[in-house]
>>> print(open('input_9.cif').read())   # mmCIF, C-alpha atoms (C1' of nucleotides)
data_upload
#
loop_
_atom_site.label_atom_id
_atom_site.label_comp_id
_atom_site.auth_asym_id
_atom_site.auth_seq_id
_atom_site.Cartn_x
_atom_site.Cartn_y
_atom_site.Cartn_z
CA MET M 12 -87.59 14.44 72.04
CA ASN M 13 -90.11 13.20 69.52
CA HIS M 14 -89.74 12.56 65.82
CA TRP M 15 -92.09 13.39 62.99
CA LEU M 16 -92.64 13.33 59.28
CA PHE M 17 -94.03 16.19 57.21
CA LYS M 18 -95.42 15.55 53.76
CA SER M 19 -95.32 18.16 51.07
CA GLU M 20 -95.90 18.17 47.37
CA PRO M 21 -92.60 19.38 45.93
CA GLU M 22 -94.40 21.56 43.41
CA GLU M 23 -96.06 23.34 46.32
CA PHE M 24 -93.21 23.47 48.78
CA SER M 25 -90.05 21.44 48.35
CA ILE M 26 -87.03 20.76 50.52
CA ASP M 27 -85.09 23.15 48.31
CA MET M 28 -87.59 25.91 49.01
CA LEU M 29 -87.24 25.30 52.74
CA LYS M 30 -83.48 25.38 52.33
CA GLN M 31 -83.78 28.80 50.74
CA VAL M 32 -86.09 30.36 53.30
CA ARG M 33 -84.49 28.44 56.22
CA ARG M 34 -87.66 28.57 58.29
CA GLU M 35 -91.35 28.42 57.44
CA PRO M 36 -94.68 28.14 59.26
CA TRP M 37 -96.17 24.77 58.30
CA GLY M 38 -99.53 26.19 57.32
CA GLY M 39 -102.44 24.69 55.48
CA VAL M 40 -102.96 21.59 57.61
CA ARG M 41 -106.72 21.03 57.76
CA ASN M 42 -106.89 17.68 59.45
CA TYR M 43 -107.58 17.44 63.17
CA GLN M 44 -105.25 14.57 63.89
CA ALA M 45 -102.36 16.29 62.15
CA ARG M 46 -103.20 19.52 63.96
CA ASN M 47 -103.20 17.72 67.29
CA TYR M 48 -99.76 16.30 66.63
CA MET M 49 -98.50 19.83 66.07
CA ARG M 50 -100.38 21.29 69.03
CA ASP M 51 -99.88 18.56 71.61
CA GLY M 52 -96.97 16.43 70.49
CA MET M 53 -94.32 18.72 69.12
CA GLN M 54 -91.69 20.61 71.03
CA PRO M 55 -89.05 23.00 69.73
CA GLY M 56 -85.99 20.96 68.85
CA ASP M 57 -87.88 17.88 67.69
CA LEU M 58 -86.58 16.50 64.42
CA ALA M 59 -88.70 15.60 61.42
CA PHE M 60 -88.30 13.97 58.04
CA PHE M 61 -89.29 16.06 55.05
CA TYR M 62 -91.23 13.89 52.61
CA HIS M 63 -92.13 14.63 49.00
CA SER M 64 -95.57 13.30 48.07
CA ASN M 65 -97.60 13.23 44.89
CA CYS M 66 -94.57 13.25 42.63
CA ALA M 67 -92.58 10.99 40.36
CA GLU M 68 -90.56 9.49 43.18
CA PRO M 69 -92.20 9.96 46.57
CA GLY M 70 -89.87 9.64 49.52
CA ILE M 71 -87.94 11.25 52.35
CA VAL M 72 -85.63 13.94 51.03
CA GLY M 73 -84.40 15.84 54.05
CA ILE M 74 -84.48 16.66 57.72
CA CYS M 75 -85.92 19.68 59.47
CA SER M 76 -86.51 20.68 63.07
CA ILE M 77 -89.44 22.10 64.96
CA ALA M 78 -88.56 25.73 65.55
CA GLY M 79 -91.45 27.00 67.64
CA ALA M 80 -94.60 26.07 69.52
CA ALA M 81 -97.85 25.74 67.58
CA LYS M 82 -99.54 29.05 66.81
CA ALA M 83 -102.53 30.13 64.76
CA ASP M 84 -102.24 29.39 61.07
CA MET M 85 -103.03 32.80 59.62
CA SER M 86 -104.20 31.46 56.26
CA GLN M 87 -107.44 30.34 57.89
CA PHE M 88 -108.49 33.99 58.27
CA ASP M 89 -107.61 35.04 54.72
CA PRO M 90 -110.61 34.89 52.37
CA ALA M 91 -108.23 34.87 49.41
CA SER M 92 -106.40 31.78 50.64
CA ASP M 93 -107.14 28.22 49.53
CA TYR M 94 -107.02 27.40 53.23
CA PHE M 95 -109.57 29.99 54.33
CA ASP M 96 -111.95 28.63 56.96
CA PRO M 97 -114.95 30.93 57.43
CA ALA M 98 -115.96 29.03 60.56
CA SER M 99 -112.74 29.82 62.40
CA LYS M 100 -112.57 32.97 64.51
CA PRO M 101 -109.37 34.83 65.45
CA GLU M 102 -110.29 34.64 69.14
CA ALA M 103 -110.55 30.84 68.84
CA PRO M 104 -108.39 29.67 65.94
CA ARG M 105 -109.28 26.21 64.74
CA TRP M 106 -106.05 25.56 62.83
CA LEU M 107 -102.53 25.77 64.12
CA CYS M 108 -99.08 25.37 62.71
CA VAL M 109 -95.52 25.06 63.92
CA ASP M 110 -92.48 26.65 62.37
CA VAL M 111 -90.09 24.22 60.77
CA ALA M 112 -86.42 24.98 60.21
CA TYR M 113 -84.18 23.50 57.54
CA LYS M 114 -81.50 21.13 58.80
CA ARG M 115 -80.18 19.26 55.79
CA LYS M 116 -80.97 17.34 52.66
CA LEU M 117 -80.31 13.63 52.55
CA ARG M 118 -77.37 12.59 50.40
CA ARG M 119 -79.98 10.78 48.31
CA PRO M 120 -83.72 10.40 48.84
CA ILE M 121 -85.05 7.39 50.70
CA THR M 122 -87.90 6.45 48.42
CA LEU M 123 -91.27 5.19 49.51
CA ALA M 124 -90.56 2.00 47.55
CA ARG M 125 -87.46 1.46 49.64
CA LEU M 126 -89.31 2.10 52.87
CA GLN M 127 -91.89 -0.44 51.81
CA ASP M 128 -89.11 -2.95 51.23
CA HIS M 129 -88.27 -2.55 54.91
CA ALA M 130 -91.84 -2.70 56.17
CA ALA M 131 -91.10 -5.67 58.43
CA GLN M 132 -88.25 -3.89 60.19
CA LEU M 133 -90.17 -0.63 60.51
CA GLY M 134 -93.15 -2.25 62.17
CA ASP M 135 -96.33 -0.22 62.48
CA PHE M 136 -95.32 2.91 60.59
CA ALA M 137 -97.88 5.69 60.16
CA LEU M 138 -96.55 6.59 56.71
CA THR M 139 -97.10 3.18 55.18
CA ARG M 140 -100.28 2.25 56.96
CA ARG M 141 -102.93 1.23 54.50
CA GLY M 142 -104.95 4.19 53.34
CA ASN M 143 -102.88 6.67 55.30
CA ARG M 144 -103.41 10.27 54.26
CA LEU M 145 -102.04 12.19 57.22
CA SER M 146 -99.70 14.98 56.20
CA VAL M 147 -98.08 15.23 59.62
CA LEU M 148 -97.34 12.00 61.41
CA PRO M 149 -95.21 10.54 64.19
CA VAL M 150 -92.06 8.48 63.74
CA THR M 151 -90.73 6.40 66.62
CA GLN M 152 -87.13 6.68 67.74
CA ALA M 153 -86.50 3.15 66.46
CA GLN M 154 -88.02 3.97 63.07
CA TRP M 155 -86.06 7.20 62.88
CA ASP M 156 -82.76 5.47 63.55
CA TYR M 157 -83.51 2.63 61.18
CA ILE M 158 -84.54 4.92 58.33
CA LEU M 159 -81.55 7.21 58.75
CA ALA M 160 -79.27 4.20 58.51
CA LEU M 161 -80.73 3.59 55.03
CA GLU M 162 -79.41 6.90 53.76
"C1'" DG C 2 -126.46 9.34 66.06
"C1'" DC C 3 -126.57 7.16 61.54
"C1'" DC C 4 -124.96 6.99 57.09
"C1'" DA C 5 -124.93 8.30 52.11
"C1'" DA C 6 -122.82 11.60 49.34
"C1'" DC C 7 -119.09 14.15 48.41
"C1'" DG C 8 -114.34 16.02 48.21
"C1'" DT C 9 -109.52 15.08 48.91
"C1'" DT C 10 -105.22 12.51 49.20
"C1'" DG C 11 -101.71 10.28 47.01
"C1'" DG C 12 -99.70 6.06 44.92
"C1'" DC C 13 -99.57 4.05 40.69
"C1'" DG H 29 -105.98 9.83 34.65
"C1'" DC H 30 -107.60 6.20 37.73
"C1'" DC H 31 -109.24 4.81 41.88
"C1'" DA H 32 -108.98 3.09 46.81
"C1'" DA H 33 -109.26 4.94 51.11
"C1'" DC H 34 -110.45 8.21 54.17
"C1'" DG H 35 -112.53 12.51 56.56
"C1'" DT H 36 -116.28 15.68 56.57
"C1'" DT H 37 -120.87 17.24 55.81
"C1'" DG H 38 -125.60 17.38 56.33
"C1'" DG H 39 -130.26 15.33 55.95
"C1'" DC H 40 -133.05 12.61 58.57
#
>>> encode(input="input_9.cif", output="structure tokens")
Amino acid sequence: MNHWLFKSEPEEFSIDMLKQVRREPWGGVRNYQARNYMRDGMQPGDLAFFYHSNCAEPGIVGICSIAGAAKADMSQFDPASDYFDPASKPEAPRWLCVDVAYKRKLRRPITLARLQDHAAQLGDFALTRRGNRLSVLPVTQAQWDYILALE
DNA sequence: GCCAACGTTGGC
DNA sequence: GCCAACGTTGGC
């Protein structure tokens, strides 16, 4: 089983919204590396941190699971969507997404500042790499265990 | 294939 | 709002 981290701006889609709908296709990813993690790396049952970005206190706020194999992200075919991609054809979708399912909220968020305080113990962590902008990224088993122990 | 220009991300 | 860092685009 692999571990992941999904970033989301809470004003767009928060952990509370996922809690309400229980399950949601993780659409709108328009970065090839992030897409490849979803397409090639994820398996149903994998666990992922839910991270709030671009907000007053960025950090990990909950846990979700991968609920299905990657499939076409339908927003790429919708001209009215912000994520519309006119170059992508239904017979060869360029963008994929997995379904994520709500597991739980953390008792309290693990802030980015706190994660940075533990940079030495976390080692090479995709989230805190300089200049990182990936919205879907891998977490090692060791990082996962260490971070959860910070809760 | 190079690389400048541009748009986006996301912390601060 | 600022701006560093990055990915993508497109001219050449």
>>> closest_residue(input="input_9.cif", among="M:Phe17, M:Trp155, M:Tyr94, M:Phe136", to="Tyr48 of chain M", atoms="all atoms listed in the file")
M:Phe17
>>> resolve_selection(input="input_9.cif", expression="the PyMOL selection byres ((chain M) within 7 of (chain C))", output="list in words")
Ser64, Asn65 and Arg144 of chain M
>>> residues_around(input="input_9.cif", residues="Leu145 of chain M", least_positions_apart="3", cutoff="8 Å", atoms="only C-alpha atoms (C1' of nucleotides)", output="number ranges by chain")
M: 42, 44-45, 138, 148
>>> resolve_selection(input="input_9.cif", expression="the PyMOL selection byres ((chain M and resi 35) around 6)", output="PDB file with C-alpha atoms, in the coordinates of the input")
ATOM      1  CA  ARG M  34     -87.660  28.570  58.290  1.00  0.00           C
ATOM      2  CA  PRO M  36     -94.680  28.140  59.260  1.00  0.00           C
ATOM      3  CA  ASP M 110     -92.480  26.650  62.370  1.00  0.00           C
ATOM      4  CA  VAL M 111     -90.090  24.220  60.770  1.00  0.00           C
TER       5      VAL M 111
END
>>> residues_around(input="input_9.cif", residues="Phe60 of chain M", least_positions_apart="5", cutoff="9 Å", atoms="only C-alpha atoms (C1' of nucleotides)", output="ChimeraX atom specification")
/M:14-18,71-76,150,155
>>> atom_distance(input="input_9.cif", atom1="atom CA of Asp135 of chain M", atom2="atom CA of Cys66 of chain M")
24.1 Å
>>> resolve_selection(input="input_9.cif", expression="the PyMOL selection byres ((chain M and resi 13) around 8)", output="mmCIF file with C-alpha atoms, in the coordinates of the input")
data_model
loop_
_atom_site.group_PDB
_atom_site.id
_atom_site.type_symbol
_atom_site.label_atom_id
_atom_site.label_comp_id
_atom_site.auth_asym_id
_atom_site.auth_seq_id
_atom_site.Cartn_x
_atom_site.Cartn_y
_atom_site.Cartn_z
ATOM 1 C CA MET M 12 -87.590 14.440 72.040
ATOM 2 C CA HIS M 14 -89.740 12.560 65.820
ATOM 3 C CA TRP M 15 -92.090 13.390 62.990
ATOM 4 C CA GLY M 52 -96.970 16.430 70.490
ATOM 5 C CA MET M 53 -94.320 18.720 69.120
ATOM 6 C CA GLN M 54 -91.690 20.610 71.030
ATOM 7 C CA ASP M 57 -87.880 17.880 67.690
ATOM 8 C CA LEU M 58 -86.580 16.500 64.420
ATOM 9 C CA PRO M 149 -95.210 10.540 64.190
ATOM 10 C CA VAL M 150 -92.060 8.480 63.740
ATOM 11 C CA THR M 151 -90.730 6.400 66.620
ATOM 12 C CA GLN M 152 -87.130 6.680 67.740
#
>>> atom_distance(input="input_9.cif", atom1="atom CA of Ala131 of chain M", atom2="atom CA of Asp156 of chain M")
14.8 Å
>>> atom_distance(input="input_9.cif", atom1="atom CA of Leu126 of chain M", atom2="atom CA of Pro21 of chain M")
18.9 Å
>>> axis_aligned_box(input="input_9.cif", around="chain C", padding_each_side="8 Å", output="JSON")
{"center_x": -113.1, "center_y": 10.0, "center_z": 53.4, "size_x": 43.0, "size_y": 28.0, "size_z": 41.4}
>>> residues_around(input="input_9.cif", residues="Leu117 of chain M", least_positions_apart="2", cutoff="12 Å", atoms="all atoms listed in the file", output="list in words")
Ile26, Asp27, Phe60, Phe61, Tyr62, Gly70, Ile71, Val72, Gly73, Ile74, Cys75, Tyr113, Lys114, Arg115, Arg119, Pro120, Ile121, Thr122, Ile158, Leu159, Ala160, Leu161 and Glu162 of chain M
